[in-house]
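Asker: The structure file work_24.pdb (PDB, C-alpha atoms) is provided below.
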```
ATOM      1  CA  MET A 183     139.799 124.702  91.583
ATOM      2  CA  SER A 184     137.862 121.649  92.666
ATOM      3  CA  ALA A 185     138.072 120.323  96.171
ATOM      4  CA  GLY A 186     139.951 117.149  96.823
ATOM      5  CA  ARG A 187     143.598 116.374  97.188
ATOM      6  CA  PRO A 188     145.679 119.441  98.001
ATOM      7  CA  VAL A 189     147.673 120.743  95.112
ATOM      8  CA  GLN A 190     151.396 121.011  95.565
ATOM      9  CA  LEU A 191     152.567 124.264  94.107
ATOM     10  CA  GLU A 192     156.267 123.887  94.574
ATOM     11  CA  ALA A 193     158.485 121.012  93.741
ATOM     12  CA  ARG A 194     159.899 119.150  96.680
ATOM     13  CA  GLU A 195     163.558 119.611  97.309
ATOM     14  CA  TRP A 196     163.404 117.203 100.165
ATOM     15  CA  ASP A 197     162.214 113.643  99.846
ATOM     16  CA  PRO A 198     160.119 112.555 102.840
ATOM     17  CA  ALA A 199     160.750 108.923 101.931
ATOM     18  CA  SER A 200     164.375 109.326 102.927
ATOM     19  CA  PRO A 201     164.427 111.791 105.771
ATOM     20  CA  GLY A 202     167.754 113.461 106.383
ATOM     21  CA  VAL A 203     168.967 115.165 109.510
ATOM     22  CA  ASP A 204     166.515 117.364 111.411
ATOM     23  CA  ALA A 205     168.308 120.528 110.362
ATOM     24  CA  GLU A 206     167.294 119.907 106.769
ATOM     25  CA  ARG A 207     163.616 119.592 107.532
ATOM     26  CA  GLN A 208     161.580 122.241 105.823
ATOM     27  CA  GLY A 209     158.544 122.202 108.113
ATOM     28  CA  PRO A 210     155.359 120.246 107.470
ATOM     29  CA  THR A 211     154.561 119.226 103.928
ATOM     30  CA  ILE A 212     151.208 120.119 102.434
ATOM     31  CA  ASP A 213     150.068 116.553 103.125
ATOM     32  CA  THR A 214     151.167 116.676 106.760
ATOM     33  CA  LEU A 215     149.181 119.875 107.299
ATOM     34  CA  GLN A 216     145.986 118.024 106.497
ATOM     35  CA  LYS A 217     146.938 115.268 108.914
ATOM     36  CA  LEU A 218     147.745 117.858 111.566
ATOM     37  CA  ARG A 219     144.386 119.509 111.067
ATOM     38  CA  SER A 220     142.466 116.279 111.456
ATOM     39  CA  PHE A 221     144.603 115.225 114.438
ATOM     40  CA  PHE A 222     143.947 118.572 116.149
ATOM     41  CA  SER A 223     140.243 118.283 115.413
ATOM     42  CA  GLU A 224     139.992 114.732 116.734
ATOM     43  CA  GLU A 225     141.838 115.688 119.912
ATOM     44  CA  ARG A 226     139.792 118.919 120.189
ATOM     45  CA  ILE A 227     143.019 120.918 120.338
ATOM     46  CA  MET A 228     142.383 124.618 120.223
ATOM     47  CA  ILE A 229     145.835 126.072 120.957
ATOM     48  CA  CYS A 230     149.140 124.280 120.703
ATOM     49  CA  PHE A 231     152.582 125.686 121.215
ATOM     50  CA  ASN A 232     155.879 123.854 120.889
ATOM     51  CA  GLY A 233     159.201 125.601 121.414
ATOM     52  CA  PRO A 234     161.208 127.917 123.657
ATOM     53  CA  THR A 235     158.985 130.159 125.764
ATOM     54  CA  ASN A 236     159.325 133.621 127.195
ATOM     55  CA  GLN A 237     157.194 135.877 129.353
ATOM     56  CA  ALA A 238     155.792 137.880 126.416
ATOM     57  CA  LEU A 239     154.699 134.742 124.586
ATOM     58  CA  ILE A 240     153.158 133.218 127.719
ATOM     59  CA  GLY A 241     151.218 136.444 128.245
ATOM     60  CA  GLU A 242     149.987 136.788 124.657
ATOM     61  CA  ILE A 243     148.782 133.180 124.412
ATOM     62  CA  GLY A 244     147.121 133.564 127.810
ATOM     63  CA  LYS A 245     145.332 136.730 126.741
ATOM     64  CA  ALA A 246     144.008 135.079 123.567
ATOM     65  CA  LEU A 247     142.909 132.027 125.549
ATOM     66  CA  LYS A 248     141.056 134.083 128.151
ATOM     67  CA  GLN A 249     139.292 136.216 125.560
ATOM     68  CA  HIS A 250     138.299 133.184 123.523
ATOM     69  CA  ILE A 251     136.777 131.323 126.478
ATOM     70  CA  THR A 252     135.042 134.419 127.841
ATOM     71  CA  SER A 253     133.416 135.079 124.475
ATOM     72  CA  THR A 254     132.433 131.484 123.679
ATOM     73  CA  GLU A 255     131.292 130.436 127.160
ATOM     74  CA  GLY A 256     130.082 133.803 128.421
ATOM     75  CA  GLU A 257     131.482 132.895 131.816
ATOM     76  CA  GLN A 258     134.539 134.598 133.221
ATOM     77  CA  ALA A 259     135.054 132.200 136.130
ATOM     78  CA  LEU A 260     135.787 129.324 133.732
ATOM     79  CA  ALA A 261     138.046 131.535 131.604
ATOM     80  CA  MET A 262     139.978 132.629 134.702
ATOM     81  CA  ASP A 263     140.366 129.035 135.931
ATOM     82  CA  VAL A 264     141.778 127.884 132.585
ATOM     83  CA  PHE A 265     143.962 131.001 132.401
ATOM     84  CA  SER A 266     145.310 130.458 135.898
ATOM     85  CA  VAL A 267     146.186 126.803 135.246
ATOM     86  CA  TYR A 268     147.856 127.796 131.981
ATOM     87  CA  ILE A 269     149.886 130.630 133.568
ATOM     88  CA  GLU A 270     151.072 128.592 136.562
ATOM     89  CA  MET A 271     152.018 125.661 134.330
ATOM     90  CA  SER A 272     153.884 127.801 131.779
ATOM     91  CA  GLN A 273     155.689 129.869 134.398
ATOM     92  CA  ASN A 274     156.653 126.754 136.388
ATOM     93  CA  ILE A 275     158.208 125.304 133.239
ATOM     94  CA  ARG A 276     159.991 128.525 132.353
ATOM     95  CA  ASN A 277     161.293 129.117 135.875
ATOM     96  CA  TYR A 278     162.561 125.555 136.077
ATOM     97  CA  ALA A 279     164.418 125.802 132.754
ATOM     98  CA  LEU A 280     165.933 129.150 133.811
ATOM     99  CA  ARG A 281     167.064 127.748 137.150
ATOM    100  CA  GLN A 282     168.567 124.702 135.446
ATOM    101  CA  ARG A 283     170.276 127.027 132.945
ATOM    102  CA  TYR A 284     169.001 124.904 130.086
ATOM    103  CA  PRO A 285     170.113 126.251 126.696
ATOM    104  CA  GLU A 286     167.308 127.525 124.500
ATOM    105  CA  HIS A 287     166.784 124.297 122.535
ATOM    106  CA  GLU A 288     166.225 122.421 125.798
ATOM    107  CA  ALA A 289     164.266 125.149 127.560
ATOM    108  CA  THR A 290     161.220 124.330 125.503
ATOM    109  CA  ALA A 291     157.676 123.543 126.396
ATOM    110  CA  THR A 292     154.906 121.818 124.542
ATOM    111  CA  VAL A 293     151.650 123.370 125.711
ATOM    112  CA  VAL A 294     148.327 122.056 124.483
ATOM    113  CA  ILE A 295     144.904 123.476 125.271
ATOM    114  CA  ALA A 296     141.827 121.558 124.229
ATOM    115  CA  ALA A 297     138.129 122.433 124.366
ATOM    116  CA  LEU A 298     136.280 119.402 125.761
ATOM    117  CA  PRO A 299     132.546 118.689 125.674
ATOM    118  CA  ALA A 300     130.231 120.238 128.279
ATOM    119  CA  SER A 301     132.258 123.409 128.861
ATOM    120  CA  HIS A 302     135.391 121.696 130.055
ATOM    121  CA  TYR A 303     138.924 122.479 128.948
ATOM    122  CA  SER A 304     142.180 120.640 129.286
ATOM    123  CA  VAL A 305     145.517 122.353 129.743
ATOM    124  CA  SER A 306     148.509 120.060 129.221
ATOM    125  CA  ALA A 307     152.223 120.502 128.938
ATOM    126  CA  VAL A 308     155.370 118.492 128.379
ATOM    127  CA  ASN A 309     158.835 119.684 129.359
ATOM    128  CA  LEU A 310     162.322 118.361 129.894
ATOM    129  CA  VAL A 311     163.372 117.773 133.527
ATOM    130  CA  GLU A 312     166.176 116.039 135.397
ATOM    131  CA  GLU A 313     165.094 112.501 136.254
ATOM    132  CA  VAL A 314     165.246 113.049 140.025
ATOM    133  CA  ASP A 315     163.071 116.174 139.720
ATOM    134  CA  GLY A 316     160.662 114.321 137.453
ATOM    135  CA  HIS A 317     160.119 111.638 140.090
ATOM    136  CA  ALA A 318     159.657 114.277 142.794
ATOM    137  CA  LEU A 319     157.068 116.037 140.610
ATOM    138  CA  LEU A 320     155.193 112.788 139.969
ATOM    139  CA  GLN A 321     155.069 112.172 143.683
ATOM    140  CA  ARG A 322     153.740 115.664 144.366
ATOM    141  CA  VAL A 323     151.028 115.294 141.766
ATOM    142  CA  GLN A 324     150.033 111.918 143.202
ATOM    143  CA  SER A 325     149.963 113.259 146.756
ATOM    144  CA  LEU A 326     147.550 116.007 145.671
ATOM    145  CA  SER A 327     145.157 113.653 143.891
ATOM    146  CA  SER A 328     143.607 112.310 147.102
ATOM    147  CA  LEU A 329     142.863 115.780 148.534
ATOM    148  CA  ASP A 330     139.488 117.502 148.312
ATOM    149  CA  LYS A 331     139.078 121.248 147.652
ATOM    150  CA  GLU A 332     139.072 122.152 151.357
ATOM    151  CA  ALA A 333     142.270 120.225 152.036
ATOM    152  CA  LEU A 334     143.891 121.772 148.968
ATOM    153  CA  LYS A 335     142.976 125.245 150.194
ATOM    154  CA  ARG A 336     144.430 124.550 153.655
ATOM    155  CA  LEU A 337     147.656 123.273 152.145
ATOM    156  CA  TYR A 338     147.790 126.233 149.759
ATOM    157  CA  LYS A 339     147.433 128.727 152.601
ATOM    158  CA  GLN A 340     150.034 126.894 154.656
ATOM    159  CA  ARG A 341     152.456 126.999 151.748
ATOM    160  CA  LEU A 342     151.806 130.708 151.207
ATOM    161  CA  CYS A 343     152.744 131.557 154.768
ATOM    162  CA  HIS A 344     155.812 129.342 154.850
ATOM    163  CA  PRO A 345     157.561 129.822 151.533
ATOM    164  CA  ASP A 346     160.125 127.241 150.555
ATOM    165  CA  SER A 347     163.433 129.093 150.362
ATOM    166  CA  SER A 348     165.571 125.991 149.873
ATOM    167  CA  PRO A 349     167.836 125.730 146.821
ATOM    168  CA  ASP A 350     165.518 122.973 145.552
ATOM    169  CA  PRO A 351     165.210 123.332 141.749
ATOM    170  CA  LEU A 352     161.466 122.752 142.102
ATOM    171  CA  ARG A 353     161.211 125.672 144.534
ATOM    172  CA  GLY A 354     157.986 127.534 143.978
ATOM    173  CA  ALA A 355     156.589 124.741 141.827
ATOM    174  CA  GLY A 356     154.740 123.428 144.882
ATOM    175  CA  LEU A 357     152.518 126.472 145.241
ATOM    176  CA  GLY A 358     151.867 126.575 141.490
ATOM    177  CA  LEU A 359     150.854 122.901 141.491
ATOM    178  CA  LEU A 360     148.503 123.526 144.423
ATOM    179  CA  GLU A 361     146.875 126.421 142.592
ATOM    180  CA  ILE A 362     146.515 124.193 139.512
ATOM    181  CA  ALA A 363     144.962 121.398 141.590
ATOM    182  CA  ARG A 364     142.515 123.854 143.163
ATOM    183  CA  ARG A 365     141.280 124.980 139.737
ATOM    184  CA  ALA A 366     141.055 121.444 138.299
ATOM    185  CA  SER A 367     137.715 119.675 138.021
ATOM    186  CA  SER A 368     139.274 116.190 138.161
ATOM    187  CA  PRO A 369     142.552 114.780 139.535
ATOM    188  CA  LEU A 370     145.718 115.849 137.739
ATOM    189  CA  GLN A 371     147.352 113.294 135.465
ATOM    190  CA  ALA A 372     151.122 113.076 135.139
ATOM    191  CA  ALA A 373     153.669 110.837 133.484
ATOM    192  CA  LEU A 374     157.419 110.573 132.908
ATOM    193  CA  ASP A 375     159.035 109.566 129.667
ATOM    194  CA  PRO A 376     162.756 108.780 130.007
ATOM    195  CA  GLU A 377     165.200 110.593 127.767
ATOM    196  CA  ARG A 378     168.936 110.268 127.337
ATOM    197  CA  GLY A 379     171.435 111.594 129.870
ATOM    198  CA  GLY A 380     169.500 111.179 133.107
ATOM    199  CA  ARG A 381     166.656 113.340 131.943
ATOM    200  CA  CYS A 382     163.041 112.772 131.137
ATOM    201  CA  PHE A 383     160.001 114.460 129.711
ATOM    202  CA  PHE A 384     157.425 115.342 132.319
ATOM    203  CA  SER A 385     153.820 115.447 131.098
ATOM    204  CA  LEU A 386     150.973 116.998 133.032
ATOM    205  CA  LYS A 387     147.327 117.080 132.016
ATOM    206  CA  VAL A 388     144.808 119.195 133.870
ATOM    207  CA  THR A 389     141.081 119.243 133.196
ATOM    208  CA  VAL A 390     139.182 122.358 134.222
TER     209      VAL A 390
ATOM    210  CA  MET B 135     163.592 166.473 161.626
ATOM    211  CA  ILE B 136     165.796 164.774 159.087
ATOM    212  CA  GLN B 137     163.816 162.453 156.926
ATOM    213  CA  ASN B 138     164.327 160.783 153.580
ATOM    214  CA  ARG B 139     161.935 162.271 151.138
ATOM    215  CA  LEU B 140     159.397 159.705 150.049
ATOM    216  CA  ASN B 141     158.324 160.038 146.437
ATOM    217  CA  ASP B 142     155.071 158.915 144.916
ATOM    218  CA  LEU B 143     155.135 155.745 142.847
ATOM    219  CA  CYS B 144     153.675 155.631 139.382
ATOM    220  CA  LEU B 145     154.034 152.401 137.406
ATOM    221  CA  GLU B 146     152.353 151.993 134.046
ATOM    222  CA  PRO B 147     150.422 148.765 133.565
ATOM    223  CA  THR B 148     151.647 146.076 131.171
ATOM    224  CA  LEU B 149     149.989 142.892 129.942
ATOM    225  CA  SER B 150     151.294 141.048 133.006
ATOM    226  CA  SER B 151     151.689 143.768 135.615
ATOM    227  CA  PRO B 152     149.200 146.159 137.189
ATOM    228  CA  MET B 153     149.090 149.935 137.259
ATOM    229  CA  VAL B 154     150.513 151.153 140.553
ATOM    230  CA  GLN B 155     149.925 154.681 141.790
ATOM    231  CA  THR B 156     150.400 156.278 145.163
ATOM    232  CA  ASP B 157     149.134 159.528 146.608
ATOM    233  CA  LEU B 158     151.188 160.632 149.580
ATOM    234  CA  ASP B 159     148.936 163.569 150.452
ATOM    235  CA  ALA B 160     145.754 161.519 150.422
ATOM    236  CA  GLY B 161     147.391 158.406 151.913
ATOM    237  CA  ILE B 162     146.322 156.123 149.077
ATOM    238  CA  LEU B 163     148.003 153.225 147.257
ATOM    239  CA  ARG B 164     146.193 152.168 144.090
ATOM    240  CA  MET B 165     146.752 149.017 142.062
ATOM    241  CA  LYS B 166     144.726 147.998 139.054
ATOM    242  CA  GLY B 167     145.076 145.220 136.498
ATOM    243  CA  GLU B 168     146.466 141.717 136.356
ATOM    244  CA  SER B 169     149.684 140.525 137.921
ATOM    245  CA  TYR B 170     151.762 137.633 136.624
ATOM    246  CA  PRO B 171     155.139 139.238 135.890
ATOM    247  CA  GLU B 172     158.252 137.236 135.154
ATOM    248  CA  ASN B 173     159.869 138.728 138.223
ATOM    249  CA  SER B 174     157.302 139.528 140.883
ATOM    250  CA  PHE B 175     160.037 140.319 143.409
ATOM    251  CA  GLU B 176     161.236 143.251 141.302
ATOM    252  CA  LEU B 177     157.763 144.733 140.916
ATOM    253  CA  TYR B 178     156.616 144.248 144.480
ATOM    254  CA  SER B 179     159.810 145.267 146.224
ATOM    255  CA  SER B 180     159.321 148.864 145.012
ATOM    256  CA  ILE B 181     155.740 148.821 146.311
ATOM    257  CA  LEU B 182     156.824 147.309 149.610
ATOM    258  CA  THR B 183     159.578 149.904 149.981
ATOM    259  CA  TRP B 184     157.094 152.719 149.401
ATOM    260  CA  LEU B 185     154.631 151.194 151.866
ATOM    261  CA  GLU B 186     157.280 150.818 154.564
ATOM    262  CA  GLY B 187     158.450 154.392 153.942
ATOM    263  CA  PHE B 188     154.922 155.727 154.225
ATOM    264  CA  LEU B 189     154.152 153.804 157.401
ATOM    265  CA  GLU B 190     157.379 154.915 159.051
ATOM    266  CA  ALA B 191     157.041 158.554 158.015
ATOM    267  CA  GLY B 192     154.129 159.585 160.178
ATOM    268  CA  ALA B 193     150.746 158.658 161.536
ATOM    269  CA  GLN B 194     148.610 159.428 158.494
ATOM    270  CA  PRO B 195     145.948 156.814 157.649
ATOM    271  CA  LEU B 196     146.586 154.595 154.626
ATOM    272  CA  GLN B 197     144.052 153.164 152.257
ATOM    273  CA  LEU B 198     144.738 150.560 149.569
ATOM    274  CA  GLU B 199     142.461 150.795 146.551
ATOM    275  CA  LEU B 200     142.848 147.496 144.739
ATOM    276  CA  GLU B 201     141.209 146.371 141.527
ATOM    277  CA  LEU B 202     143.117 143.210 140.724
ATOM    278  CA  ASN B 203     141.499 140.844 138.295
ATOM    279  CA  TYR B 204     144.097 138.091 138.510
ATOM    280  CA  LEU B 205     147.258 137.331 140.503
ATOM    281  CA  ASN B 206     149.582 134.431 139.886
ATOM    282  CA  THR B 207     150.904 132.572 142.922
ATOM    283  CA  SER B 208     154.116 134.563 143.228
ATOM    284  CA  SER B 209     152.116 137.816 143.113
ATOM    285  CA  VAL B 210     149.759 136.430 145.779
ATOM    286  CA  ARG B 211     152.804 135.785 147.932
ATOM    287  CA  ALA B 212     154.022 139.350 147.376
ATOM    288  CA  MET B 213     150.590 140.805 148.224
ATOM    289  CA  ILE B 214     150.679 138.879 151.493
ATOM    290  CA  GLU B 215     153.883 140.718 152.378
ATOM    291  CA  LEU B 216     152.089 144.024 151.763
ATOM    292  CA  PHE B 217     149.089 142.988 153.843
ATOM    293  CA  ASP B 218     151.371 141.727 156.633
ATOM    294  CA  GLN B 219     152.898 145.216 156.800
ATOM    295  CA  LEU B 220     149.422 146.721 157.000
ATOM    296  CA  GLN B 221     148.465 144.307 159.765
ATOM    297  CA  ALA B 222     151.572 145.180 161.782
ATOM    298  CA  ALA B 223     150.763 148.885 161.410
ATOM    299  CA  ALA B 224     147.124 148.283 162.370
ATOM    300  CA  ASP B 225     148.249 146.310 165.435
ATOM    301  CA  ALA B 226     150.365 149.304 166.400
ATOM    302  CA  GLY B 227     147.307 151.525 166.237
ATOM    303  CA  ARG B 228     147.604 152.902 162.702
ATOM    304  CA  GLN B 229     144.473 153.447 160.681
ATOM    305  CA  VAL B 230     144.784 151.272 157.556
ATOM    306  CA  SER B 231     142.180 149.786 155.248
ATOM    307  CA  VAL B 232     141.746 147.934 151.990
ATOM    308  CA  ASN B 233     139.039 148.383 149.389
ATOM    309  CA  TRP B 234     139.066 145.375 147.063
ATOM    310  CA  TYR B 235     137.081 146.153 143.916
ATOM    311  CA  HIS B 236     136.015 143.485 141.469
ATOM    312  CA  ASP B 237     133.992 143.133 138.316
ATOM    313  CA  PRO B 238     130.858 141.179 139.353
ATOM    314  CA  ARG B 239     131.183 139.130 136.150
ATOM    315  CA  ASN B 240     134.453 137.726 137.476
ATOM    316  CA  PRO B 241     133.651 135.867 140.723
ATOM    317  CA  ARG B 242     137.252 134.607 140.921
ATOM    318  CA  ALA B 243     138.477 138.152 141.611
ATOM    319  CA  ALA B 244     136.038 138.460 144.535
ATOM    320  CA  GLU B 245     137.108 135.051 145.888
ATOM    321  CA  LEU B 246     140.741 136.108 145.676
ATOM    322  CA  GLY B 247     139.951 139.146 147.838
ATOM    323  CA  GLU B 248     137.961 137.004 150.281
ATOM    324  CA  GLU B 249     140.842 134.576 150.733
ATOM    325  CA  PHE B 250     143.141 137.469 151.614
ATOM    326  CA  ARG B 251     140.589 139.016 153.962
ATOM    327  CA  GLU B 252     140.255 135.800 156.017
ATOM    328  CA  ASP B 253     143.747 136.267 157.441
ATOM    329  CA  TYR B 254     143.609 139.929 158.506
ATOM    330  CA  SER B 255     141.728 141.959 161.056
ATOM    331  CA  PHE B 256     142.015 145.499 159.617
ATOM    332  CA  PRO B 257     139.044 146.839 157.598
ATOM    333  CA  PHE B 258     138.972 144.970 154.286
ATOM    334  CA  ALA B 259     135.959 145.722 152.073
ATOM    335  CA  ILE B 260     135.068 143.653 149.016
ATOM    336  CA  LEU B 261     133.159 145.853 146.626
ATOM    337  CA  ALA B 262     131.510 145.016 143.308
ATOM    338  CA  LEU B 263     132.055 147.562 140.545
ATOM    339  CA  ASP B 264     129.287 148.537 138.155
ATOM    340  CA  PRO B 265     129.574 146.121 135.243
TER     341      PRO B 265
END
```
Would you kindly transcribe this structure into structure tokens?

Answerer:
Amino acid sequence: MSAGRPVQLEAREWDPASPGVDAERQGPTIDTLQKLRSFFSEERIMICFNGPTNQALIGEIGKALKQHITSTEGEQALAMDVFSVYIEMSQNIRNYALRQRYPEHEATATVVIAALPASHYSVSAVNLVEEVDGHALLQRVQSLSSLDKEALKRLYKQRLCHPDSSPDPLRGAGLGLLEIARRASSPLQAALDPERGGRCFFSLKVTV
Amino acid sequence: MIQNRLNDLCLEPTLSSPMVQTDLDAGILRMKGESYPENSFELYSSILTWLEGFLEAGAQPLQLELELNYLNTSSVRAMIELFDQLQAAADAGRQVSVNWYHDPRNPRAAELGEEFREDYSFPFAILALDP
């Protein structure tokens, strides 16, 4: 078979020109796969996950990530930094969704890990949060951006010794964010994207 | 003397939790692996209970043999509770010590041990393993 346009082996039962409800979607078409591939390549995306998470999945992706970076970079410190950011971010998202008692279709995370030039990596995630929590998170991220590594360490140690036991739904997220900021090589970037029903999508991008 | 019998702990490692083993006769608590369990409270409360039981049971020295490659923040918090218990025992005159082993190829594991050590005054050795 000659290279060129992908060959469609099965007839389409679903016409992409007139998309129906989401439930009828049959996954990416052969054409979309090619677009996905080139999008991933352009964005240097190495691992991408989109859906409900659990501890086993978080662990398996983390293990693959760590092994991949250790073998390609030959440096465990970098692999551990990326791993740590990824674990804290994923567990923060999962713990938040559990505490909010989000049903499975809302307790999802989009996690994207990209390999950047010059041995840098980015770990990013998007998840659904209540609007008030989203604004509080944005504020926390912004308040960390002006701190240097020494100040971050002091704050981290302070937070370790005085755990936040309040019923705050973001409880625990503070220490995780501090750990993430300590591992980052540039200030964290965050954004909120409003959704329906007083909720929004919180995006966080961390470069290691 | 009436005393609750303290049993040795033996927890198998998983992808996200370390091996935990105690030796009552030798006075040793060993932990090895990585720790980022879903529920760190569950894992560490059994270790903490054992540690408290051991420290209350007599005057025997206690040594922690730790080879922990990675801890997530909630595990770090739980380890601090263990070390706080050790510090209290040391302050009361008990002989306690920590050996923190790390793979020299993973400097983050050594740094993790150093950050713990900063806050305690009992013997806390950071030791590189043969790679």

Asker: Could you tell me how far CA of Ile243 in chain A sits from CA of Arg281 in chain A, in Å to one decimal place?

Answerer: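 Taking CA of Arg281 in chain A and CA of Ile243 in chain A, their separation equals 22.9 Å.
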
Asker: With a distance threshold of 10 Å and counting all atoms listed in the file, extract the residues of chain B near chain A and express them as a list of chain:residue names.

Answerer: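 Selected residues: B:Leu149, B:Ser150, B:Tyr170, B:Pro171, B:Glu172, B:Asn173, B:Asn203, B:Tyr204, B:Leu205, B:Asn206, B:Thr207, B:Ser208, B:Val210, B:Arg211, B:Ala212, B:Ile214, B:Glu215, B:Asp237, B:Pro238, B:Arg239, B:Asn240, B:Pro241, B:Arg242, B:Ala243, B:Glu249, B:Phe250, B:Asp253.
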
Asker: Could you write out as a PyMOL selection string the residues that the PyMOL selection byres ((chain B and resi 144) around 6) matches in the shown file?

Answerer: chain B and resi 143+145+154-155

Asker: Please, what distance in Å, to one decimal, runs between CA of Ala244 in chain B and CA of Arg365 in chain A?

Answerer: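 Rounded to one decimal, the two atoms are 15.2 Å apart.
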
Asker: Smallest atom-to-atom distance to Leu310 in chain A: which of A:Ile227, A:Leu337, A:Leu374, A:Ile212, using all atoms listed in the file?

Answerer: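 Closest residue, counting all atoms listed in the file: A:Leu374.
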
Asker: Could you state the separation of CA of Glu313 in chain A and CA of Ile229 in chain A in Å, given to one decimal place?

Answerer: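 One can read the CA of Glu313 in chain A to CA of Ile229 in chain A distance as 28.1 Å.
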
Asker: Would you list the contacts of range 378-382 of chain A as a PyMOL selection string, taking every protein, DNA or RNA residue within 10 Å and counting all atoms listed in the file, but skipping same-chain residues closer than 4 positions in sequence?

Answerer: chain A and resi 308-317+373-374

Asker: Could you list the residues chosen by the PyMOL selection byres ((chain B and resi 256-263) around 7) in this structure as number ranges by chain?

Answerer: B: 221, 224, 230-238, 244, 247, 251, 254-255, 264-265

Asker: Tell me which protein, DNA and RNA residues are within 12 Å of Glu224 in chain A, counting only C-alpha atoms, leaving out same-chain ones fewer than 4 positions away, and put them as a list in words.

Answerer: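 Residues meeting the cut-off are Lys217, Leu218, Arg219, Ser220, Met228, Ala296, Ala297 and Leu298 of chain A.
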
Asker: Using the chain letters and numbering of this document, enumerate as number ranges by chain the residues selected by the PyMOL selection byres ((chain B and resi 165) around 9).

Answerer: B: 152-156, 163-164, 166-167, 198-202

Asker: Which is closer to Ser272 in chain A than all the others in A:Ala366, A:Leu215, A:Ala246, A:Ala307, using only C-alpha atoms?

Answerer: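 Counting only C-alpha atoms, the residue closest to Ser272 in chain A is A:Ala307.
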
Asker: Could you please fill out range 206-221 of chain A with N, CA and C atoms and send it back as a CSV table (one decimal), in the coordinates of the input?

Answerer:
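rebuild_39.csv was written with the following content:
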```
chain,number,residue,atom,x,y,z
A,206,GLU,N,167.7,119.7,108.2
A,206,GLU,CA,167.3,119.9,106.8
A,206,GLU,C,165.8,119.9,106.6
A,207,ARG,N,165.1,119.6,107.6
A,207,ARG,CA,163.6,119.6,107.5
A,207,ARG,C,163.1,121.0,107.2
A,208,GLN,N,162.1,121.0,106.3
A,208,GLN,CA,161.6,122.2,105.8
A,208,GLN,C,160.2,122.5,106.4
A,209,GLY,N,159.9,122.0,107.6
A,209,GLY,CA,158.5,122.2,108.1
A,209,GLY,C,157.6,121.2,107.5
A,210,PRO,N,156.3,121.3,107.9
A,210,PRO,CA,155.4,120.2,107.5
A,210,PRO,C,155.1,120.3,106.0
A,211,THR,N,154.9,119.2,105.3
A,211,THR,CA,154.6,119.2,103.9
A,211,THR,C,153.1,119.6,103.8
A,212,ILE,N,152.6,119.8,102.6
A,212,ILE,CA,151.2,120.1,102.4
A,212,ILE,C,150.4,118.9,102.9
A,213,ASP,N,150.8,117.7,102.7
A,213,ASP,CA,150.1,116.6,103.1
A,213,ASP,C,150.0,116.5,104.6
A,214,THR,N,151.1,116.8,105.3
A,214,THR,CA,151.2,116.7,106.8
A,214,THR,C,150.2,117.7,107.4
A,215,LEU,N,150.1,118.9,106.8
A,215,LEU,CA,149.2,119.9,107.3
A,215,LEU,C,147.8,119.3,107.5
A,216,GLN,N,147.3,118.6,106.4
A,216,GLN,CA,146.0,118.0,106.5
A,216,GLN,C,145.9,117.0,107.6
A,217,LYS,N,146.9,116.2,107.8
A,217,LYS,CA,146.9,115.3,108.9
A,217,LYS,C,146.9,116.0,110.3
A,218,LEU,N,147.7,117.1,110.3
A,218,LEU,CA,147.7,117.9,111.6
A,218,LEU,C,146.4,118.4,111.9
A,219,ARG,N,145.7,118.9,110.9
A,219,ARG,CA,144.4,119.5,111.1
A,219,ARG,C,143.4,118.5,111.6
A,220,SER,N,143.4,117.3,111.0
A,220,SER,CA,142.5,116.3,111.5
A,220,SER,C,142.9,115.7,112.8
A,221,PHE,N,144.2,115.7,113.1
A,221,PHE,CA,144.6,115.2,114.4
A,221,PHE,C,144.1,116.2,115.5
```
